[in-house]
>>> print(open('model30.cif').read())   # mmCIF, C-alpha atoms and all ligand atoms
data_final
#
loop_
_atom_site.label_atom_id
_atom_site.label_comp_id
_atom_site.auth_asym_id
_atom_site.auth_seq_id
_atom_site.Cartn_x
_atom_site.Cartn_y
_atom_site.Cartn_z
CA MET A 1 -114.46 -131.20 127.40
CA ASN A 2 -114.96 -128.32 124.96
CA GLU A 3 -114.35 -129.05 121.31
CA ILE A 4 -112.57 -126.22 119.52
CA ALA A 5 -112.30 -125.55 115.80
CA VAL A 6 -109.50 -123.13 114.88
CA TYR A 7 -110.44 -121.01 111.86
CA GLY A 8 -107.33 -120.51 109.75
CA GLY A 9 -104.68 -122.57 108.01
CA GLY A 10 -101.53 -120.54 108.54
CA GLY A 11 -98.80 -120.28 111.13
CA PHE A 12 -100.86 -118.40 113.70
CA ALA A 13 -103.65 -121.00 113.45
CA ARG A 14 -101.12 -123.68 114.45
CA GLU A 15 -99.96 -121.45 117.31
CA VAL A 16 -103.53 -120.99 118.49
CA ALA A 17 -104.03 -124.79 118.41
CA TRP A 18 -100.99 -125.09 120.67
CA LEU A 19 -102.34 -122.33 122.91
CA VAL A 20 -105.66 -124.18 123.24
CA GLU A 21 -103.87 -127.43 124.18
CA SER A 22 -101.71 -125.52 126.67
CA CYS A 23 -104.84 -124.56 128.60
CA ASN A 24 -105.26 -128.20 129.69
CA VAL A 25 -102.93 -127.82 132.66
CA GLU A 26 -105.09 -128.94 135.54
CA ALA A 27 -107.92 -130.59 133.63
CA GLU A 28 -108.77 -131.60 130.06
CA LEU A 29 -110.76 -128.47 129.24
CA TYR A 30 -110.36 -128.30 125.47
CA ARG A 31 -109.69 -130.48 122.46
CA VAL A 32 -108.84 -129.01 119.06
CA VAL A 33 -110.95 -131.04 116.63
CA CYS A 34 -110.09 -129.34 113.32
CA PHE A 35 -108.71 -126.38 111.43
CA VAL A 36 -111.26 -124.62 109.26
CA ASP A 37 -109.80 -123.41 105.98
CA ASP A 38 -111.67 -121.66 103.16
CA ASN A 39 -109.18 -123.04 100.63
CA PRO A 40 -110.67 -126.30 99.22
CA ALA A 41 -107.16 -127.45 98.21
CA ALA A 42 -106.31 -127.80 101.93
CA HIS A 43 -109.33 -129.94 102.82
CA GLY A 44 -108.43 -133.52 103.72
CA LEU A 45 -104.91 -132.57 104.82
CA THR A 46 -103.75 -132.66 108.43
CA LEU A 47 -101.72 -129.98 110.19
CA ASN A 48 -99.87 -131.18 113.28
CA GLU A 49 -102.17 -134.24 113.37
CA ILE A 50 -105.34 -132.09 113.22
CA PRO A 51 -107.67 -132.44 110.20
CA VAL A 52 -108.24 -129.45 107.90
CA VAL A 53 -111.85 -129.08 106.75
CA GLY A 54 -114.25 -126.54 105.28
CA LEU A 55 -116.78 -124.65 107.41
CA ASP A 56 -119.75 -126.83 106.36
CA ASP A 57 -117.84 -130.03 106.94
CA ALA A 58 -116.69 -128.80 110.37
CA GLN A 59 -120.30 -128.19 111.35
CA ALA A 60 -121.40 -131.62 110.14
CA ARG A 61 -118.57 -133.50 111.85
CA PHE A 62 -118.23 -131.43 115.03
CA PRO A 63 -121.65 -129.88 115.71
CA TYR A 64 -120.75 -128.94 119.30
CA ALA A 65 -117.42 -127.29 118.51
CA LYS A 66 -116.87 -123.63 119.25
CA ILE A 67 -114.76 -121.55 116.87
CA VAL A 68 -111.72 -119.47 117.64
CA ALA A 69 -110.08 -117.42 114.90
CA GLY A 70 -106.41 -118.22 114.26
CA VAL A 71 -105.82 -115.36 111.82
CA GLY A 72 -103.47 -112.46 112.62
CA SER A 73 -104.81 -109.91 110.14
CA PRO A 74 -107.68 -107.94 111.71
CA LYS A 75 -109.60 -107.55 108.44
CA THR A 76 -109.34 -111.23 107.51
CA ARG A 77 -110.25 -112.17 111.06
CA GLU A 78 -113.40 -110.07 110.88
CA LEU A 79 -114.24 -111.79 107.60
CA VAL A 80 -113.90 -115.34 108.96
CA VAL A 81 -115.71 -114.46 112.18
CA ASN A 82 -118.63 -113.09 110.15
CA LYS A 83 -118.73 -116.30 108.10
CA ALA A 84 -118.71 -118.45 111.23
CA ALA A 85 -121.37 -116.27 112.88
CA ALA A 86 -123.58 -116.55 109.76
CA ALA A 87 -123.24 -120.34 110.10
CA ARG A 88 -124.46 -119.92 113.71
CA TYR A 89 -121.22 -120.94 115.39
CA GLU A 90 -120.46 -119.93 118.95
CA PHE A 91 -117.03 -118.55 119.73
CA ALA A 92 -114.48 -119.58 122.34
CA THR A 93 -112.37 -117.11 124.34
CA ILE A 94 -108.92 -118.58 125.01
CA ILE A 95 -106.52 -117.25 127.65
CA HIS A 96 -103.22 -119.00 128.33
CA PRO A 97 -102.78 -120.05 131.98
CA ARG A 98 -99.54 -118.07 132.08
CA VAL A 99 -101.30 -114.74 131.44
CA GLU A 100 -101.40 -112.37 134.39
CA ARG A 101 -104.34 -110.00 134.76
CA SER A 102 -106.32 -108.31 137.45
CA ARG A 103 -110.05 -108.82 137.89
CA TRP A 104 -110.49 -105.37 136.37
CA VAL A 105 -109.95 -106.57 132.84
CA GLU A 106 -113.03 -107.02 130.62
CA ILE A 107 -112.50 -109.51 127.83
CA GLY A 108 -114.78 -109.81 124.78
CA VAL A 109 -115.98 -113.02 123.19
CA GLY A 110 -113.56 -114.80 120.85
CA THR A 111 -110.52 -112.99 122.21
CA VAL A 112 -107.19 -114.84 122.40
CA ILE A 113 -104.39 -113.99 124.84
CA CYS A 114 -101.08 -115.84 124.43
CA ALA A 115 -98.52 -116.98 126.98
CA GLY A 116 -96.48 -114.47 128.95
CA SER A 117 -98.73 -111.46 128.49
CA ILE A 118 -99.59 -109.21 131.45
CA LEU A 119 -102.65 -106.96 131.63
CA THR A 120 -102.93 -104.70 134.64
CA THR A 121 -106.14 -102.92 135.54
CA ASN A 122 -109.26 -101.16 134.16
CA ILE A 123 -108.70 -102.53 130.69
CA VAL A 124 -111.44 -103.25 128.15
CA LEU A 125 -110.77 -105.70 125.31
CA GLY A 126 -113.37 -105.97 122.56
CA HIS A 127 -114.48 -109.10 120.74
CA HIS A 128 -112.02 -111.23 118.73
CA VAL A 129 -109.00 -109.26 119.92
CA GLN A 130 -105.64 -111.04 119.72
CA ILE A 131 -102.79 -110.44 122.14
CA ASN A 132 -99.76 -112.44 121.04
CA LEU A 133 -96.84 -113.69 123.18
CA ASP A 134 -95.22 -111.55 125.88
CA CYS A 135 -97.18 -108.31 125.55
CA THR A 136 -97.89 -105.85 128.36
CA VAL A 137 -101.06 -103.75 128.51
CA GLY A 138 -101.22 -100.98 131.10
CA HIS A 139 -104.07 -99.36 133.00
CA ASP A 140 -107.10 -97.79 131.33
CA VAL A 141 -106.40 -99.21 127.89
CA VAL A 142 -109.28 -99.89 125.49
CA MET A 143 -108.81 -102.20 122.50
CA GLY A 144 -111.55 -102.29 119.85
CA ASP A 145 -112.91 -105.43 118.20
CA TYR A 146 -110.46 -107.40 115.97
CA THR A 147 -107.43 -105.46 117.17
CA THR A 148 -104.13 -107.40 117.10
CA LEU A 149 -101.00 -107.04 119.20
CA ALA A 150 -98.09 -108.96 117.62
CA PRO A 151 -95.48 -110.49 119.99
CA GLY A 152 -93.69 -108.26 122.48
CA VAL A 153 -95.85 -105.15 122.18
CA HIS A 154 -95.96 -102.77 125.15
CA VAL A 155 -99.00 -100.53 125.54
CA SER A 156 -98.80 -97.89 128.30
CA GLY A 157 -101.74 -96.48 130.24
CA TRP A 158 -104.60 -94.33 128.88
CA VAL A 159 -104.39 -95.62 125.32
CA HIS A 160 -107.61 -96.11 123.31
CA MET A 161 -107.49 -98.23 120.17
CA GLY A 162 -110.28 -98.41 117.63
CA LYS A 163 -111.36 -101.47 115.67
CA ARG A 164 -109.03 -103.60 113.55
CA VAL A 165 -105.88 -101.85 114.74
CA TYR A 166 -102.71 -103.86 114.00
CA ILE A 167 -99.62 -103.33 116.14
CA GLY A 168 -96.43 -104.98 114.86
CA THR A 169 -93.85 -106.95 116.81
CA GLY A 170 -91.97 -105.09 119.52
CA ALA A 171 -93.81 -101.79 119.12
CA VAL A 172 -94.16 -99.47 122.12
CA ILE A 173 -97.12 -97.15 122.68
CA ILE A 174 -96.43 -94.42 125.22
CA ASN A 175 -99.12 -93.31 127.64
CA GLY A 176 -101.89 -90.81 127.16
CA THR A 177 -103.45 -89.04 130.13
CA GLN A 178 -106.75 -89.41 131.91
CA ASN A 179 -108.13 -86.32 130.17
CA VAL A 180 -106.41 -86.86 126.84
CA PRO A 181 -105.91 -90.53 126.05
CA LEU A 182 -103.57 -91.46 123.20
CA VAL A 183 -105.95 -92.58 120.44
CA ILE A 184 -105.15 -95.06 117.67
CA GLY A 185 -107.93 -94.91 115.10
CA ASP A 186 -109.77 -97.76 113.38
CA ASP A 187 -107.66 -99.75 110.88
CA ALA A 188 -104.41 -97.99 111.81
CA VAL A 189 -101.20 -100.05 111.48
CA ILE A 190 -98.18 -99.61 113.74
CA GLY A 191 -95.00 -101.01 112.17
CA ALA A 192 -92.78 -103.50 113.98
CA GLY A 193 -90.39 -101.78 116.38
CA ALA A 194 -92.15 -98.40 116.29
CA CYS A 195 -92.46 -96.08 119.27
CA VAL A 196 -95.80 -94.29 119.10
CA THR A 197 -95.64 -90.95 120.93
CA LYS A 198 -98.89 -89.34 119.78
CA SER A 199 -102.32 -90.26 118.48
CA VAL A 200 -102.55 -92.01 115.11
CA PRO A 201 -105.48 -91.22 112.78
CA ALA A 202 -107.73 -93.98 111.44
CA GLY A 203 -106.33 -95.97 108.54
CA VAL A 204 -102.79 -94.56 108.81
CA THR A 205 -99.62 -96.73 108.93
CA VAL A 206 -96.82 -95.38 111.11
CA VAL A 207 -93.25 -96.67 111.53
CA GLY A 208 -90.03 -95.78 113.32
CA VAL A 209 -88.90 -94.05 116.51
CA PRO A 210 -90.68 -91.74 117.03
CA ALA A 211 -93.39 -93.20 114.80
CA LYS A 212 -94.26 -91.20 111.66
CA PRO A 213 -96.68 -91.98 108.84
CA LEU A 214 -95.07 -94.34 106.31
CA SER A 215 -96.22 -92.02 103.52
CA GLN A 216 -94.22 -89.10 104.99
CA ARG A 217 -90.87 -90.88 105.28
C1 LIG K 1 -95.16 -101.25 108.64
C2 LIG K 1 -95.52 -102.39 107.69
C3 LIG K 1 -96.99 -102.76 107.88
C4 LIG K 1 -95.31 -101.84 106.29
O1 LIG K 1 -95.56 -102.81 105.35
P1 LIG K 1 -95.57 -102.41 103.78
O2 LIG K 1 -96.60 -101.36 103.55
O3 LIG K 1 -95.70 -103.70 103.02
O4 LIG K 1 -94.19 -101.70 103.59
P2 LIG K 1 -92.90 -102.19 102.77
O5 LIG K 1 -92.40 -103.50 103.26
O6 LIG K 1 -93.22 -102.04 101.30
O7 LIG K 1 -91.83 -101.09 103.17
C5 LIG K 1 -91.94 -99.73 102.76
C6 LIG K 1 -90.80 -98.97 103.38
O8 LIG K 1 -90.98 -98.88 104.80
C7 LIG K 1 -89.88 -99.46 105.49
N1 LIG K 1 -90.43 -100.21 106.64
C8 LIG K 1 -91.29 -101.26 106.59
N2 LIG K 1 -91.60 -101.66 107.83
C9 LIG K 1 -90.93 -100.85 108.66
C10 LIG K 1 -90.85 -100.79 110.07
N3 LIG K 1 -91.54 -101.64 110.84
N4 LIG K 1 -90.08 -99.83 110.62
C11 LIG K 1 -89.37 -98.97 109.84
N5 LIG K 1 -89.42 -98.97 108.48
C12 LIG K 1 -90.19 -99.91 107.91
C13 LIG K 1 -89.23 -100.40 104.48
O9 LIG K 1 -87.87 -100.62 104.78
C14 LIG K 1 -89.44 -99.63 103.19
O10 LIG K 1 -88.48 -98.60 103.16
P3 LIG K 1 -87.81 -98.11 101.75
O11 LIG K 1 -88.95 -97.54 100.97
O12 LIG K 1 -86.81 -97.08 102.20
O13 LIG K 1 -87.23 -99.34 101.16
C15 LIG K 1 -94.69 -103.66 107.93
O14 LIG K 1 -93.38 -103.57 107.43
C16 LIG K 1 -94.63 -104.07 109.39
O15 LIG K 1 -93.83 -103.59 110.21
N6 LIG K 1 -95.51 -105.05 109.74
C17 LIG K 1 -95.56 -105.66 111.02
C18 LIG K 1 -95.05 -107.10 110.90
C19 LIG K 1 -95.17 -107.85 112.18
O16 LIG K 1 -94.98 -107.31 113.26
N7 LIG K 1 -95.53 -109.11 112.09
C20 LIG K 1 -95.79 -109.93 113.25
C21 LIG K 1 -96.18 -111.32 112.84
S1 LIG K 1 -96.56 -112.28 114.27
#
>>> encode(input="model30.cif", output="structure tokens")
Amino acid sequence: MNEIAVYGGGGFAREVAWLVESCNVEAELYRVVCFVDDNPAAHGLTLNEIPVVGLDDAQARFPYAKIVAGVGSPKTRELVVNKAAAARYEFATIIHPRVERSRWVEIGVGTVICAGSILTTNIVLGHHVQINLDCTVGHDVVMGDYTTLAPGVHVSGWVHMGKRVYIGTGAVIINGTQNVPLVIGDDAVIGAGACVTKSVPAGVTVVGVPAKPLSQR
């Protein structure tokens, strides 16, 4: 039995706790022992019957627990992962049993993949990536560390994402080509419902169909 501490106190943290429990289909693989919250006002509370504690307290009470980040924002996730790493935590990688993927999918440490998602072939996911419910990821896609796909995102083939990219609910990324992949730069944000038809520079937020920079609307 692996003890898991979910870092985060918001809605996605509760969803990740459910995801972890949902992995116990054929055997009791995991038990969520606590939520880790940096807000002292939350310590001592319970969320869905799971205690909320600070990072130090989690380490004292559950020294064998591994951490998984339950934070949707890439930047905040990087922050909490760095805190947990500095406290010498190990990280758990959690994949829902109802995720379909080929054996040609590399998955980094701390990555979370939620129910209903399908990943095809020759895909590389970095560390602490989050793929929310019902996403599809096509061939030859690269996702950098801390990148987030919100629910129902569809990424076509030959798309390369940098680090901390955030893709909002229901967005569609059309395909690049083998020679010219569609590139989404570090820290770019794709608005919910957007259709991305060309590369997006680092740090830029795009929205709409076809997606255009928010600043140019
Ligand atoms: C794109 C996004 C990041 C912009 O956030 P923001 O910078 O706070 O922008 P604002 O809410 O101030 O909106 C600015 C303008 O963009 C428009 N806009 C915001 N999001 C948009 C979207 N996804 N598509 C089209 N237009 C959008 C707003 O209507 C507003 O237009 P106006 O100036 O004509 O009133 C955000 O709206 C978004 O889509 N986030 C993804 C949310 C999501 O998927 N969550 C999943 C949780 S699991």
>>> atom_distance(input="model30.cif", atom1="CA of Ile107 in chain A", atom2="CA of Ile131 in chain A")
11.3 Å
>>> closest_residue(input="model30.cif", among="A:Phe35, A:Trp18, A:Tyr166, A:Tyr146", to="ligand LIG 1 (chain K)", atoms="all atoms listed in the file")
A:Tyr166
>>> residues_near_ligand(input="model30.cif", ligand="ligand LIG 1 (chain K)", cutoff="6 Å", atoms="all atoms listed in the file", output="PyMOL selection string")
chain A and resi 150+168-169+191-193+207-208
>>> residues_around(input="model30.cif", residues="Leu29 in chain A", least_positions_apart="3", cutoff="8 Å", atoms="only C-alpha atoms", output="PyMOL selection string")
chain A and resi 1-2+23-24
>>> atom_distance(input="model30.cif", atom1="CA of Ile67 in chain A", atom2="CA of Ala5 in chain A")
4.8 Å
>>> atom_distance(input="model30.cif", atom1="CA of Met143 in chain A", atom2="CA of Ala84 in chain A")
22.1 Å
>>> residues_around(input="model30.cif", residues="range 55-62 of chain A", least_positions_apart="4", cutoff="10 Å", atoms="only C-alpha atoms", output="list in words")
Glu3, Ile4, Ala5, Tyr7, Val33, Cys34, Phe35, Val36, Asp37, Asp38, His43, Pro51, Lys66, Ile67, Val80, Lys83, Ala84, Ala87, Arg88 and Tyr89 of chain A
>>> write_last_selection(input="model30.cif", atoms="C-alpha atoms", output="mmCIF file, keeping the file's coordinate frame")
data_model
loop_
_atom_site.group_PDB
_atom_site.id
_atom_site.type_symbol
_atom_site.label_atom_id
_atom_site.label_comp_id
_atom_site.auth_asym_id
_atom_site.auth_seq_id
_atom_site.Cartn_x
_atom_site.Cartn_y
_atom_site.Cartn_z
ATOM 1 C CA GLU A 3 -114.350 -129.050 121.310
ATOM 2 C CA ILE A 4 -112.570 -126.220 119.520
ATOM 3 C CA ALA A 5 -112.300 -125.550 115.800
ATOM 4 C CA TYR A 7 -110.440 -121.010 111.860
ATOM 5 C CA VAL A 33 -110.950 -131.040 116.630
ATOM 6 C CA CYS A 34 -110.090 -129.340 113.320
ATOM 7 C CA PHE A 35 -108.710 -126.380 111.430
ATOM 8 C CA VAL A 36 -111.260 -124.620 109.260
ATOM 9 C CA ASP A 37 -109.800 -123.410 105.980
ATOM 10 C CA ASP A 38 -111.670 -121.660 103.160
ATOM 11 C CA HIS A 43 -109.330 -129.940 102.820
ATOM 12 C CA PRO A 51 -107.670 -132.440 110.200
ATOM 13 C CA LYS A 66 -116.870 -123.630 119.250
ATOM 14 C CA ILE A 67 -114.760 -121.550 116.870
ATOM 15 C CA VAL A 80 -113.900 -115.340 108.960
ATOM 16 C CA LYS A 83 -118.730 -116.300 108.100
ATOM 17 C CA ALA A 84 -118.710 -118.450 111.230
ATOM 18 C CA ALA A 87 -123.240 -120.340 110.100
ATOM 19 C CA ARG A 88 -124.460 -119.920 113.710
ATOM 20 C CA TYR A 89 -121.220 -120.940 115.390
#
>>> residues_near_point(input="model30.cif", point="(-104.0, -108.6, 117.9)", cutoff="8 Å", atoms="only C-alpha atoms", output="ChimeraX atom specification")
/A:72-74,129-132,146-150,165-167
>>> closest_residue(input="model30.cif", among="A:Thr76, A:Ser22, A:Gly44, A:Tyr30", to="Pro97 in chain A", atoms="only C-alpha atoms")
A:Ser22
>>> closest_residue(input="model30.cif", among="A:Ala42, A:Val159, A:Val99, A:Ile94", to="Asn122 in chain A", atoms="only C-alpha atoms")
A:Val159
>>> closest_residue(input="model30.cif", among="A:Pro181, A:Pro151, A:Pro210, A:Gly108", to="Ala194 in chain A", atoms="only C-alpha atoms")
A:Pro210
>>> closest_residue(input="model30.cif", among="A:Arg164, A:Arg14, A:Arg101, A:Lys212", to="Gly138 in chain A", atoms="only C-alpha atoms")
A:Arg101
>>> closest_residue(input="model30.cif", among="A:Gly152, A:Gly116, A:Gly9, A:Gly70", to="Glu100 in chain A", atoms="all atoms listed in the file")
A:Gly116
>>> residues_around(input="model30.cif", residues="Asn175 in chain A", least_positions_apart="6", cutoff="7 Å", atoms="only C-alpha atoms", output="list in words")
Ser156, Gly157, Trp158, Val159 and Leu182 of chain A
>>> residues_near_point(input="model30.cif", point="(-101.4, -94.0, 116.5)", cutoff="6 Å", atoms="all atoms listed in the file", output="list of chain:residue names")
A:Ile184, A:Ser199, A:Val200
